[in-house]
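Enquirer: First the structure, which I've put down as structure tokens, then a few questions once you've had a look.
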There are 2 protein chains.
Amino acid sequence: MTVVNRFNEDKYDKIMELAKRRGFFWPSYEIYGGVAGFYDLGPLGVRMKDKIINLWRNYFVVRQQPLVVEIETPVIGPSRVYEASGHLEHFTDPIVECTKCGRKFRADHLIEDVLHVNAERLSPEEMTKLIREHDIRCPACGGILSEVKKFNLLFQTTIGPYAQNRGFLRPEAAQGMFVNFKKVYEVMRQRLPLGIAQIGRVARNEISPRQGIIRLREFTIAEIEFFFDPEDPWHEGLLDEMLARVEHRKLRILRAEAKKRDETKPEEFGVREAIEEKVIITPWLAYWMAVARDFIIELGVDYSDMYFEEKLPEERAHYAAQTFDQLVRVSRLGWLEVSGHAYRTDYDLSRHMKYSGKDLTVFRQFKEPRRIRKKIVLVNPAWVGRTFKSKAKEILGAIKSLDANEVERMLKEKGVIEVSGVTIPAEHVKIVEKEEKISGRRFLPHVAEPSFGIERLIFVVLDKAYREKEGRVVLSIPRRIAPIDVAVFPLVRDERLVKIAKDVWRRLIEAGYYAIYDDDGSIGRRYARIDEIGVPLAITVDHATLEENTVTIRDRDTWRQVRVHLNKIEEAVRMFLQGAEPDLLTSI
Amino acid sequence: MTVVNRFNEDKYDKIMELAKRRGFFWPSYEIYGGVAGFYDLGPLGVRMKDKIINLWRNYFVVRQQPLVVEIETPVIGPSRVYEASGHLEHFTDPIVECTKCGRKFRADHLIEDVLHVNAERLSPEEMTKLIREHDIRCPACGGILSEVKKFNLLFQTTIGPYAQNRGFLRPEAAQGMFVNFKKVYEVMRQRLPLGIAQIGRVARNEISPRQGIIRLREFTIAEIEFFFDPEDPWHEGLLDEMLARVEHRKLRILRAEAKKRDETKPEEFGVREAIEEKVIITPWLAYWMAVARDFIIELGVDYSDMYFEEKLPEERAHYAAQTFDQLVRVSRLGWLEVSGHAYRTDYDLSRHMKYSGKDLTVFRQFKEPRRIRKKIVLVNPAWVGRTFKSKAKEILGAIKSLDANEVERMLKEKGVIEVSGVTIPAEHVKIVEKEEKISGRRFLPHVAEPSFGIERLIFVVLDKAYREKEGRVVLSIPRRIAPIDVAVFPLVRDERLVKIAKDVWRRLIEAGYYAIYDDDGSIGRRYARIDEIGVPLAITVDHATLEENTVTIRDRDTWRQVRVHLNKIEEAVRMFLQGAEPDLLTSI
């Protein structure tokens, strides 16, 4: 955590106020007093979320064709799935109850608040001990606290009319991909590596969420389960080809071993360097971290305001062999996790294979069948039969399972081989070399998982976009994800200007844009209103429009204005939203 | 219901097989034996759903700017919301349990299966009576059935660690808009009429869903709550302006009164005609039905395969004053409901106002303050005081509440007025006219609601797109909503052709398209594979490409091919997907 100053505190409050007043987001169910952990997205929030999701899709699905495909699975799942996934057992937080007033608290947070120690990974018994030793009491009534228990964070329900059919709301989209892996693998004509993406709602029944839109009981997740061959993650040059797209990128990483030494400063690694030096233990995880880096930067985050923090073994989820959090520096909250990158190995597939009894392995054919030479031990079976009679069968079986090299050694040392309590002289034993053809391998793929919470990103974008300029607020949201694309104004409420402005506005709507028309108040006030919600450009129809058929286009960030012909407006808007400088628009 | 023939039965099965094999959709949790009422969307299903949603947004949000805005609210809601909405009381299906084996059945369906009567709207008591009278037994074990009870279809859960905090999964998105109406109204600077749209997951705990992807326990809904002034739904010409966009449309409507006469043939009405003849009792509902008509036609449904059926009062949900289902004719299932159009009046807002204690009314300012002339009764107060002493105050109050016209009548008839048991002679009474200024009205808006289930539309699109041509399957999915935009093939696996084809494919991905590259098998087999999943166009690189830098573009539906220059491919694809004929592409 960094020390945040008063300016950032103010900024956070200002963003929250703006978000609510202009319609990005607000707490849900406010007319009923609100329910902690639930937020609504208002008209601007929905538009920006939709654009962030499309950008995510572009980075993680479209550009990754044909390696990644997207599916959609239900929020509600049967209990068997979450037994198999381990969530019924492991997806818990410690809880403690006041024996006097009955209030419940998250035990680790309570201990941290009182003792200022990190209690995150203590066992319930250790927490109970701390509470007793320091006589920690109920913060509400001073009552004595119960023992610390585990509280499962899955929302539970019942599917259908039979009470025994328990169902759960998924806490991550991942299990939908795991239970479907084999099916999608078949649909995709047995492609491996194979990424399965999903974007959808998840729910986590937090004990007492307190961080507004940052920690929600229900939110939208965007994640990929990327399945690959653990023995050949490079997949015959494919990974090299993918890494070539990102290899000039640097990743700032705070390693677990550095954290243990109380270091807090991340080191910088090239993507390939992080793989070669085993900083990231499986190479596809590194690839996805590099993609995640680019994606977050496009949301308006500086490289220096972002790093990856490796989790300590005791901080990792039950399914992960290595995990990195992608952190972004934001106002008030300091370093905020925006994505998680977990090496889930074959944990989930092997569990579902066990619980479902279905074969989830894949068969990977070698490019060409491999011929391997193999030594085989041969013993004259007629002689064995004659010599050992009823024991012959057992002895022949035992010889078959002998290792040929071991037999060679015995023959060399003793001149006989000993097996099943009998001795066979060298003259009856022959060692031959044989060639065998193997066409492939059967195995469970391993998984690298990048996972993003989308609502958090809305906050991050607002935090990074927030500026104050000449006493007014300007949201410099990246043009591609600004909720409203364009605004159209008549300079004044003159009937002729109004008519042209409304025509332009309707043309832009016809072209599929989200567009504001506004003729209420002074032009300065109207510019101020759209700057505050980050509309990237404004088109103003003025008296010159009547004479020369041009309008002004104003850039939100520089306030620079250029004139563009009425016929070229759609093209100018398209170019501008794709990143063109205002001056470039005059030449179309 | 229409009689469906064997061809349509086959077609339905073929579509289901295709959907599963190629990855449109399949039953969820199949490795665990499946859970009824849940379906997954595969890679093609997700892409098509996303495009259907975007098309819906285009029709119902983008083109309706600035009247409609979109919000997003949680799936989980506190019980108070569903008490207020009436769902805890009314959102039920009748259920019956076998007293021997414990199996549970939907009572009306069971009665319909056995007695072939429509039991949909019978009371539990009436159903129990029928079951007893006809000795209907458990279809599984022949056991005696229990009394019919109501089973609530809300999925229930607990929010947070306190068992008493019941939560429910929303069965419709609507309540999110109702509880937020006042907030969105303020954010939108008190605009009325105001449409609030939402697209999101909903869940309904059906007793025993049996219709695959048609009747799901969890699905995606797209709906609008459109709030308007019930005393002036025309909103000073605004509705006229909106109706002008759709007024040449015809709507086929089967009215409730016609259904009562056992008629099954819908009548045709112009949109305005349906309003003027009160076929549709509130005009905004008619507007949205016309938009819904256009939207469904763009999905590939013929006008003649669609009509609106008015629900009988006993068929309507508890909140609706009039409801129409939009029905589409599909194979096997006959007429399938694809959307509902309900006039919800102020039912929901008034309930939430009552349950929350918050004022949800709006104040609508008149364009200009209205001056109204009002007669007022004046009595000389000094005389009243002198004459009636301690009773004077009461008498003056009573006079104030008298209607001036009534006083005039009394004076004319009797020469005195009688009030509070005393008589006042005409000479002490004066009637004066006074002008009063009223600036507006305070009221609860009424609501028209169009509501669509998206997963059903995926099935409808496949059903309408399915063709067989020369013994192969061609899915003629409308180009705008085809899951994969384009395929790129080298004619043969020649290194030079492969290189160019891969370059073209990557350029199209860079431009944001979903694109297939395929060089596996004969070109005929590759065309067949993409026709079967409805890829609208294929680009083939052949030997002529090497000489003249052109490729062929093949139209899925006509199999016609034209040659286009390598440099013009992005533009050709864009134009083609927007609807251009193949021959037009040669001229760019």
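Following the order of the structure tokens, chains are lettered A, B, ..., residues in each are numbered from 1, and ligands are numbered from 1.
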Identify all chain A residues at most 7 Å from chain B by counting only C-alpha atoms; ligands do not count. Present them as a PyMOL selection string.
Expert: chain A and resi 21-23+29+31-32+38-43+46+62-63+69-74+155-161+179+187+205-207+218+356+358+509-510+512+514
Enquirer: Mind writing the picked residues with N, CA and C atoms as a CSV table (one decimal), in the first residue's frame?
Expert:
chain,number,residue,atom,x,y,z
A,21,ARG,N,-24.1,11.1,-9.6
A,21,ARG,CA,-25.0,12.2,-10.1
A,21,ARG,C,-25.2,12.1,-11.6
A,22,ARG,N,-24.2,11.7,-12.4
A,22,ARG,CA,-24.3,11.6,-13.8
A,22,ARG,C,-24.7,10.3,-14.3
A,23,GLY,N,-24.7,9.2,-13.5
A,23,GLY,CA,-25.3,8.0,-13.9
A,23,GLY,C,-24.3,6.9,-14.4
A,29,TYR,N,-30.8,-0.8,-4.7
A,29,TYR,CA,-31.9,-0.9,-3.8
A,29,TYR,C,-31.9,0.2,-2.8
A,31,ILE,N,-33.9,2.7,-2.5
A,31,ILE,CA,-35.2,3.1,-1.9
A,31,ILE,C,-35.6,2.2,-0.8
A,32,TYR,N,-35.0,1.0,-0.7
A,32,TYR,CA,-35.2,0.1,0.4
A,32,TYR,C,-34.0,0.2,1.4
A,38,PHE,N,-23.9,-4.7,-3.4
A,38,PHE,CA,-24.6,-4.6,-4.7
A,38,PHE,C,-24.6,-3.2,-5.3
A,39,TYR,N,-24.3,-3.1,-6.5
A,39,TYR,CA,-24.3,-1.8,-7.2
A,39,TYR,C,-25.0,-1.9,-8.5
A,40,ASP,N,-25.7,-0.8,-8.9
A,40,ASP,CA,-26.3,-0.7,-10.2
A,40,ASP,C,-25.4,0.1,-11.1
A,41,LEU,N,-25.4,-0.3,-12.4
A,41,LEU,CA,-24.8,0.6,-13.4
A,41,LEU,C,-25.9,1.5,-14.0
A,42,GLY,N,-25.6,2.8,-14.0
A,42,GLY,CA,-26.5,3.7,-14.7
A,42,GLY,C,-26.3,3.7,-16.2
A,43,PRO,N,-27.0,4.6,-16.9
A,43,PRO,CA,-26.9,4.7,-18.4
A,43,PRO,C,-25.4,4.8,-18.8
A,46,VAL,N,-23.3,1.5,-18.0
A,46,VAL,CA,-23.6,0.3,-18.9
A,46,VAL,C,-22.9,0.5,-20.2
A,62,VAL,N,-10.9,-12.1,-30.0
A,62,VAL,CA,-10.8,-11.8,-31.5
A,62,VAL,C,-9.4,-12.0,-31.9
A,63,ARG,N,-8.4,-11.3,-31.3
A,63,ARG,CA,-7.1,-11.3,-31.7
A,63,ARG,C,-6.4,-12.7,-31.5
A,69,VAL,N,-11.9,-19.5,-27.9
A,69,VAL,CA,-13.3,-19.4,-28.3
A,69,VAL,C,-14.1,-19.1,-27.0
A,70,GLU,N,-15.3,-18.5,-27.2
A,70,GLU,CA,-16.1,-18.1,-26.0
A,70,GLU,C,-17.3,-19.0,-25.8
A,71,ILE,N,-17.6,-19.3,-24.6
A,71,ILE,CA,-18.9,-20.0,-24.3
A,71,ILE,C,-19.7,-19.2,-23.3
A,72,GLU,N,-20.9,-19.7,-23.0
A,72,GLU,CA,-21.7,-19.1,-21.9
A,72,GLU,C,-22.4,-20.2,-21.2
A,73,THR,N,-22.2,-20.3,-19.9
A,73,THR,CA,-22.8,-21.3,-19.0
A,73,THR,C,-23.6,-20.7,-17.9
A,74,PRO,N,-24.5,-21.4,-17.3
A,74,PRO,CA,-25.4,-20.8,-16.3
A,74,PRO,C,-24.6,-20.3,-15.0
A,155,PHE,N,-23.3,-18.6,-2.6
A,155,PHE,CA,-24.7,-18.4,-2.4
A,155,PHE,C,-25.4,-19.7,-2.7
A,156,GLN,N,-26.3,-20.2,-1.8
A,156,GLN,CA,-26.9,-21.5,-2.0
A,156,GLN,C,-28.4,-21.3,-2.3
A,157,THR,N,-28.9,-22.2,-3.1
A,157,THR,CA,-30.3,-22.2,-3.4
A,157,THR,C,-30.8,-23.6,-3.7
A,158,THR,N,-32.0,-23.8,-4.1
A,158,THR,CA,-32.5,-25.1,-4.4
A,158,THR,C,-33.0,-25.2,-5.8
A,159,ILE,N,-32.6,-26.2,-6.6
A,159,ILE,CA,-33.0,-26.3,-8.0
A,159,ILE,C,-34.3,-27.2,-8.0
A,160,GLY,N,-35.4,-26.7,-8.5
A,160,GLY,CA,-36.6,-27.5,-8.7
A,160,GLY,C,-37.3,-27.6,-7.3
A,161,PRO,N,-38.3,-28.5,-7.3
A,161,PRO,CA,-39.1,-28.6,-6.1
A,161,PRO,C,-38.6,-29.5,-5.0
A,179,VAL,N,-16.1,-28.1,-16.8
A,179,VAL,CA,-17.1,-29.2,-17.1
A,179,VAL,C,-17.4,-29.3,-18.6
A,187,VAL,N,-15.9,-30.0,-30.4
A,187,VAL,CA,-16.5,-29.1,-31.3
A,187,VAL,C,-15.4,-28.4,-32.1
A,205,ASN,N,-20.8,-14.5,-1.6
A,205,ASN,CA,-21.6,-14.0,-0.5
A,205,ASN,C,-20.7,-13.5,0.6
A,206,GLU,N,-20.0,-12.4,0.3
A,206,GLU,CA,-19.1,-11.8,1.3
A,206,GLU,C,-19.8,-11.5,2.6
A,207,ILE,N,-19.1,-11.7,3.7
A,207,ILE,CA,-19.6,-11.5,5.1
A,207,ILE,C,-20.1,-10.1,5.3
A,218,GLU,N,-22.0,-9.4,-6.2
A,218,GLU,CA,-22.4,-9.9,-7.5
A,218,GLU,C,-21.7,-9.0,-8.5
A,356,SER,N,-17.1,-37.1,-11.8
A,356,SER,CA,-18.1,-37.4,-12.8
A,356,SER,C,-17.9,-38.8,-13.4
A,358,LYS,N,-16.2,-39.4,-15.8
A,358,LYS,CA,-16.0,-39.3,-17.3
A,358,LYS,C,-14.5,-39.1,-17.6
A,509,ILE,N,-26.9,8.8,-35.1
A,509,ILE,CA,-27.6,7.7,-34.5
A,509,ILE,C,-27.8,6.6,-35.5
A,510,GLU,N,-28.2,7.0,-36.7
A,510,GLU,CA,-28.4,6.0,-37.8
A,510,GLU,C,-27.1,5.2,-38.1
A,512,GLY,N,-25.2,4.3,-35.8
A,512,GLY,CA,-25.0,3.4,-34.7
A,512,GLY,C,-24.3,4.0,-33.5
A,514,TYR,N,-23.8,6.3,-30.0
A,514,TYR,CA,-24.5,6.9,-28.9
A,514,TYR,C,-24.2,8.4,-28.9
Enquirer: Leaving out segment 466-477 of chain A and any residue of its chain fewer than 6 positions from it, which residues lie within 9 Å of it when counting only C-alpha atoms, given as a PDB file with all heavy atoms, in the first residue's frame?
Expert:
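Generated output (result_6.pdb):
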ATOM      1  N   LYS A  11     -10.137  13.217  -4.613  1.00  0.00           N
ATOM      2  CA  LYS A  11     -10.437  12.751  -5.962  1.00  0.00           C
ATOM      3  C   LYS A  11     -11.398  11.563  -5.914  1.00  0.00           C
ATOM      4  O   LYS A  11     -12.364  11.490  -6.662  1.00  0.00           O
ATOM      5  CB  LYS A  11      -9.122  12.358  -6.644  1.00  0.00           C
ATOM      6  CG  LYS A  11      -9.258  11.996  -8.098  1.00  0.00           C
ATOM      7  CD  LYS A  11      -7.881  11.710  -8.698  1.00  0.00           C
ATOM      8  CE  LYS A  11      -7.984  10.831  -9.909  1.00  0.00           C
ATOM      9  NZ  LYS A  11      -6.675  10.343 -10.352  1.00  0.00           N
ATOM     10  N   ILE A  15     -15.034  11.448  -7.597  1.00  0.00           N
ATOM     11  CA  ILE A  15     -15.426  10.464  -8.614  1.00  0.00           C
ATOM     12  C   ILE A  15     -16.706   9.752  -8.195  1.00  0.00           C
ATOM     13  O   ILE A  15     -17.616   9.551  -9.002  1.00  0.00           O
ATOM     14  CB  ILE A  15     -14.287   9.450  -8.847  1.00  0.00           C
ATOM     15  CG1 ILE A  15     -13.127  10.144  -9.561  1.00  0.00           C
ATOM     16  CG2 ILE A  15     -14.766   8.258  -9.664  1.00  0.00           C
ATOM     17  CD1 ILE A  15     -11.858   9.319  -9.620  1.00  0.00           C
ATOM     18  N   LEU A 299      -6.735   0.946 -21.231  1.00  0.00           N
ATOM     19  CA  LEU A 299      -7.805   1.560 -20.432  1.00  0.00           C
ATOM     20  C   LEU A 299      -7.386   2.909 -19.854  1.00  0.00           C
ATOM     21  O   LEU A 299      -8.179   3.568 -19.193  1.00  0.00           O
ATOM     22  CB  LEU A 299      -8.228   0.628 -19.290  1.00  0.00           C
ATOM     23  CG  LEU A 299      -8.863  -0.710 -19.678  1.00  0.00           C
ATOM     24  CD1 LEU A 299      -9.270  -1.479 -18.420  1.00  0.00           C
ATOM     25  CD2 LEU A 299     -10.089  -0.505 -20.571  1.00  0.00           C
ATOM     26  N   GLY A 300      -6.137   3.292 -20.065  1.00  0.00           N
ATOM     27  CA  GLY A 300      -5.688   4.589 -19.585  1.00  0.00           C
ATOM     28  C   GLY A 300      -4.732   4.513 -18.400  1.00  0.00           C
ATOM     29  O   GLY A 300      -4.480   5.523 -17.745  1.00  0.00           O
ATOM     30  N   PRO A 483     -18.378   6.352 -22.802  1.00  0.00           N
ATOM     31  CA  PRO A 483     -19.762   5.850 -22.873  1.00  0.00           C
ATOM     32  C   PRO A 483     -20.587   6.501 -23.994  1.00  0.00           C
ATOM     33  O   PRO A 483     -21.322   5.817 -24.676  1.00  0.00           O
ATOM     34  CB  PRO A 483     -20.352   6.169 -21.497  1.00  0.00           C
ATOM     35  CG  PRO A 483     -19.343   6.976 -20.764  1.00  0.00           C
ATOM     36  CD  PRO A 483     -18.037   6.885 -21.477  1.00  0.00           C
ATOM     37  N   ALA A 528     -19.281  21.973 -20.878  1.00  0.00           N
ATOM     38  CA  ALA A 528     -18.904  21.534 -19.532  1.00  0.00           C
ATOM     39  C   ALA A 528     -19.634  20.236 -19.154  1.00  0.00           C
ATOM     40  O   ALA A 528     -19.056  19.321 -18.577  1.00  0.00           O
ATOM     41  CB  ALA A 528     -19.214  22.633 -18.515  1.00  0.00           C
ATOM     42  N   ARG A 529     -20.925  20.175 -19.513  1.00  0.00           N
ATOM     43  CA  ARG A 529     -21.706  18.975 -19.178  1.00  0.00           C
ATOM     44  C   ARG A 529     -21.163  17.723 -19.863  1.00  0.00           C
ATOM     45  O   ARG A 529     -21.172  16.642 -19.280  1.00  0.00           O
ATOM     46  CB  ARG A 529     -23.172  19.174 -19.587  1.00  0.00           C
ATOM     47  CG  ARG A 529     -24.008  19.911 -18.562  1.00  0.00           C
ATOM     48  CD  ARG A 529     -25.499  19.612 -18.708  1.00  0.00           C
ATOM     49  NE  ARG A 529     -26.080  20.164 -19.915  1.00  0.00           N
ATOM     50  CZ  ARG A 529     -26.739  21.334 -19.983  1.00  0.00           C
ATOM     51  NH1 ARG A 529     -26.888  22.064 -18.895  1.00  0.00           N
ATOM     52  NH2 ARG A 529     -27.241  21.756 -21.110  1.00  0.00           N
ATOM     53  N   ILE A 530     -20.725  17.868 -21.135  1.00  0.00           N
ATOM     54  CA  ILE A 530     -20.241  16.659 -21.817  1.00  0.00           C
ATOM     55  C   ILE A 530     -18.787  16.343 -21.468  1.00  0.00           C
ATOM     56  O   ILE A 530     -18.395  15.184 -21.464  1.00  0.00           O
ATOM     57  CB  ILE A 530     -20.434  16.720 -23.348  1.00  0.00           C
ATOM     58  CG1 ILE A 530     -19.645  17.873 -23.954  1.00  0.00           C
ATOM     59  CG2 ILE A 530     -21.911  16.757 -23.707  1.00  0.00           C
ATOM     60  CD1 ILE A 530     -19.453  17.728 -25.452  1.00  0.00           C
ATOM     61  N   ASP A 531     -17.981  17.381 -21.157  1.00  0.00           N
ATOM     62  CA  ASP A 531     -16.607  17.104 -20.694  1.00  0.00           C
ATOM     63  C   ASP A 531     -16.651  16.276 -19.414  1.00  0.00           C
ATOM     64  O   ASP A 531     -15.841  15.382 -19.201  1.00  0.00           O
ATOM     65  CB  ASP A 531     -15.854  18.411 -20.408  1.00  0.00           C
ATOM     66  CG  ASP A 531     -15.397  19.092 -21.695  1.00  0.00           C
ATOM     67  OD1 ASP A 531     -15.452  18.454 -22.769  1.00  0.00           O
ATOM     68  OD2 ASP A 531     -14.993  20.277 -21.611  1.00  0.00           O
ATOM     69  N   GLU A 532     -17.616  16.577 -18.577  1.00  0.00           N
ATOM     70  CA  GLU A 532     -17.717  15.926 -17.269  1.00  0.00           C
ATOM     71  C   GLU A 532     -18.039  14.439 -17.384  1.00  0.00           C
ATOM     72  O   GLU A 532     -17.777  13.665 -16.470  1.00  0.00           O
ATOM     73  CB  GLU A 532     -18.793  16.641 -16.435  1.00  0.00           C
ATOM     74  CG  GLU A 532     -18.746  16.304 -14.982  1.00  0.00           C
ATOM     75  CD  GLU A 532     -19.932  16.864 -14.202  1.00  0.00           C
ATOM     76  OE1 GLU A 532     -21.076  16.829 -14.724  1.00  0.00           O
ATOM     77  OE2 GLU A 532     -19.728  17.324 -13.077  1.00  0.00           O
ATOM     78  N   ILE A 533     -18.650  14.035 -18.501  1.00  0.00           N
ATOM     79  CA  ILE A 533     -18.926  12.605 -18.681  1.00  0.00           C
ATOM     80  C   ILE A 533     -18.053  12.001 -19.785  1.00  0.00           C
ATOM     81  O   ILE A 533     -18.279  10.869 -20.216  1.00  0.00           O
ATOM     82  CB  ILE A 533     -20.422  12.330 -18.969  1.00  0.00           C
ATOM     83  CG1 ILE A 533     -20.898  13.085 -20.219  1.00  0.00           C
ATOM     84  CG2 ILE A 533     -21.268  12.705 -17.761  1.00  0.00           C
ATOM     85  CD1 ILE A 533     -22.284  12.679 -20.690  1.00  0.00           C
ATOM     86  N   GLY A 534     -17.064  12.768 -20.226  1.00  0.00           N
ATOM     87  CA  GLY A 534     -16.051  12.199 -21.098  1.00  0.00           C
ATOM     88  C   GLY A 534     -16.451  11.981 -22.548  1.00  0.00           C
ATOM     89  O   GLY A 534     -15.889  11.114 -23.220  1.00  0.00           O
ATOM     90  N   VAL A 535     -17.398  12.758 -23.063  1.00  0.00           N
ATOM     91  CA  VAL A 535     -17.737  12.640 -24.496  1.00  0.00           C
ATOM     92  C   VAL A 535     -16.536  13.134 -25.302  1.00  0.00           C
ATOM     93  O   VAL A 535     -16.130  14.291 -25.153  1.00  0.00           O
ATOM     94  CB  VAL A 535     -18.985  13.481 -24.838  1.00  0.00           C
ATOM     95  CG1 VAL A 535     -19.348  13.317 -26.310  1.00  0.00           C
ATOM     96  CG2 VAL A 535     -20.152  13.101 -23.934  1.00  0.00           C
ATOM     97  N   PRO A 536     -15.953  12.285 -26.156  1.00  0.00           N
ATOM     98  CA  PRO A 536     -14.666  12.654 -26.773  1.00  0.00           C
ATOM     99  C   PRO A 536     -14.757  13.845 -27.721  1.00  0.00           C
ATOM    100  O   PRO A 536     -13.809  14.608 -27.839  1.00  0.00           O
ATOM    101  CB  PRO A 536     -14.261  11.392 -27.550  1.00  0.00           C
ATOM    102  CG  PRO A 536     -15.039  10.286 -26.945  1.00  0.00           C
ATOM    103  CD  PRO A 536     -16.326  10.896 -26.470  1.00  0.00           C
ATOM    104  N   ARG A 556     -12.378  17.026 -26.795  1.00  0.00           N
ATOM    105  CA  ARG A 556     -12.582  17.117 -25.339  1.00  0.00           C
ATOM    106  C   ARG A 556     -11.296  17.437 -24.578  1.00  0.00           C
ATOM    107  O   ARG A 556     -11.305  18.237 -23.632  1.00  0.00           O
ATOM    108  CB  ARG A 556     -13.136  15.783 -24.853  1.00  0.00           C
ATOM    109  CG  ARG A 556     -13.181  15.588 -23.349  1.00  0.00           C
ATOM    110  CD  ARG A 556     -13.325  14.110 -23.012  1.00  0.00           C
ATOM    111  NE  ARG A 556     -12.127  13.374 -23.404  1.00  0.00           N
ATOM    112  CZ  ARG A 556     -12.070  12.061 -23.571  1.00  0.00           C
ATOM    113  NH1 ARG A 556     -13.148  11.329 -23.410  1.00  0.00           N
ATOM    114  NH2 ARG A 556     -10.930  11.479 -23.917  1.00  0.00           N
ATOM    115  N   ASP A 557     -10.179  16.816 -24.995  1.00  0.00           N
ATOM    116  CA  ASP A 557      -8.973  16.896 -24.163  1.00  0.00           C
ATOM    117  C   ASP A 557      -8.172  18.168 -24.400  1.00  0.00           C
ATOM    118  O   ASP A 557      -7.572  18.705 -23.481  1.00  0.00           O
ATOM    119  CB  ASP A 557      -8.102  15.666 -24.396  1.00  0.00           C
ATOM    120  CG  ASP A 557      -8.819  14.396 -23.962  1.00  0.00           C
ATOM    121  OD1 ASP A 557      -9.579  14.464 -22.971  1.00  0.00           O
ATOM    122  OD2 ASP A 557      -8.661  13.359 -24.618  1.00  0.00           O
TER     123      ASP A 557
END
Enquirer: Do a neighbour search on Cys141 of chain A at 12 Å with only C-alpha atoms, toss out local chain neighbours closer than 2 positions, and write the hits as a VMD selection string.
Expert: chain A and resid 97 to 104 136 to 139 143 to 145
Enquirer: Which parts of segment 448-508 of chain B does DSSP call strand (DSSP E) when run on the backbone here, written out as JSON, numbers by chain?
Expert: {"B": [448, 449, 450, 451, 452, 453, 466, 467, 468, 469, 472, 473, 474, 475, 486, 487, 488, 489, 490]}
Enquirer: Name the residues in contact with segment 253-258 of chain A at a cut-off of 10 Å, using only C-alpha atoms, excluding same-chain residues fewer than 4 positions from it; report them as a ChimeraX atom specification.
Expert: /A:262-269,274,279-280,306-313,322-326
Enquirer: I need the residues in segment 441-502 of chain B that are alpha helix (DSSP H) according to DSSP; give them as a PyMOL selection string.
Expert: chain B and resi 454-465+495-502
Enquirer: If you keep C-alpha atoms, can you produce a file of those selected residues as a PDB file, in the first residue's frame?
Expert:
ATOM      1  CA  ILE B 454     -32.828 -14.090 -26.029  1.00  0.00           C
ATOM      2  CA  GLU B 455     -31.988 -17.839 -25.998  1.00  0.00           C
ATOM      3  CA  ARG B 456     -35.302 -18.591 -27.699  1.00  0.00           C
ATOM      4  CA  LEU B 457     -34.381 -16.204 -30.469  1.00  0.00           C
ATOM      5  CA  ILE B 458     -31.244 -18.255 -31.166  1.00  0.00           C
ATOM      6  CA  PHE B 459     -33.484 -21.256 -31.807  1.00  0.00           C
ATOM      7  CA  VAL B 460     -35.881 -19.187 -33.938  1.00  0.00           C
ATOM      8  CA  VAL B 461     -33.011 -17.887 -36.079  1.00  0.00           C
ATOM      9  CA  LEU B 462     -31.656 -21.415 -36.670  1.00  0.00           C
ATOM     10  CA  ASP B 463     -35.129 -22.713 -37.470  1.00  0.00           C
ATOM     11  CA  LYS B 464     -35.744 -19.991 -40.033  1.00  0.00           C
ATOM     12  CA  ALA B 465     -32.240 -20.212 -41.493  1.00  0.00           C
ATOM     13  CA  GLU B 495       2.809 -22.864 -49.787  1.00  0.00           C
ATOM     14  CA  ARG B 496       2.334 -19.621 -51.736  1.00  0.00           C
ATOM     15  CA  LEU B 497      -1.461 -19.767 -51.527  1.00  0.00           C
ATOM     16  CA  VAL B 498      -1.349 -20.667 -47.824  1.00  0.00           C
ATOM     17  CA  LYS B 499       0.830 -17.645 -47.097  1.00  0.00           C
ATOM     18  CA  ILE B 500      -1.485 -15.205 -48.875  1.00  0.00           C
ATOM     19  CA  ALA B 501      -4.620 -16.784 -47.356  1.00  0.00           C
ATOM     20  CA  LYS B 502      -3.171 -16.538 -43.858  1.00  0.00           C
TER      21      LYS B 502
END
Enquirer: How many Å lie between atom CA of Lys129 of chain A and atom CA of Glu314 of chain A, rounded to one decimal?
Expert: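 Atom-to-atom, atom CA of Lys129 of chain A and atom CA of Glu314 of chain A are spaced 19.7 Å apart.
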Enquirer: Any idea what the distance is between atom CA of Glu406 of chain A and atom CA of Lys391 of chain A?
Expert: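 Taking atom CA of Glu406 of chain A as the start and atom CA of Lys391 of chain A as the end point, the length is 22.6 Å.
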Enquirer: If I take atom CA of Met575 of chain B and atom CA of Ser587 of chain B, how far is one from the other in Å, to one decimal?
Expert: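 Atom-to-atom, atom CA of Met575 of chain B and atom CA of Ser587 of chain B are spaced 11.6 Å apart.
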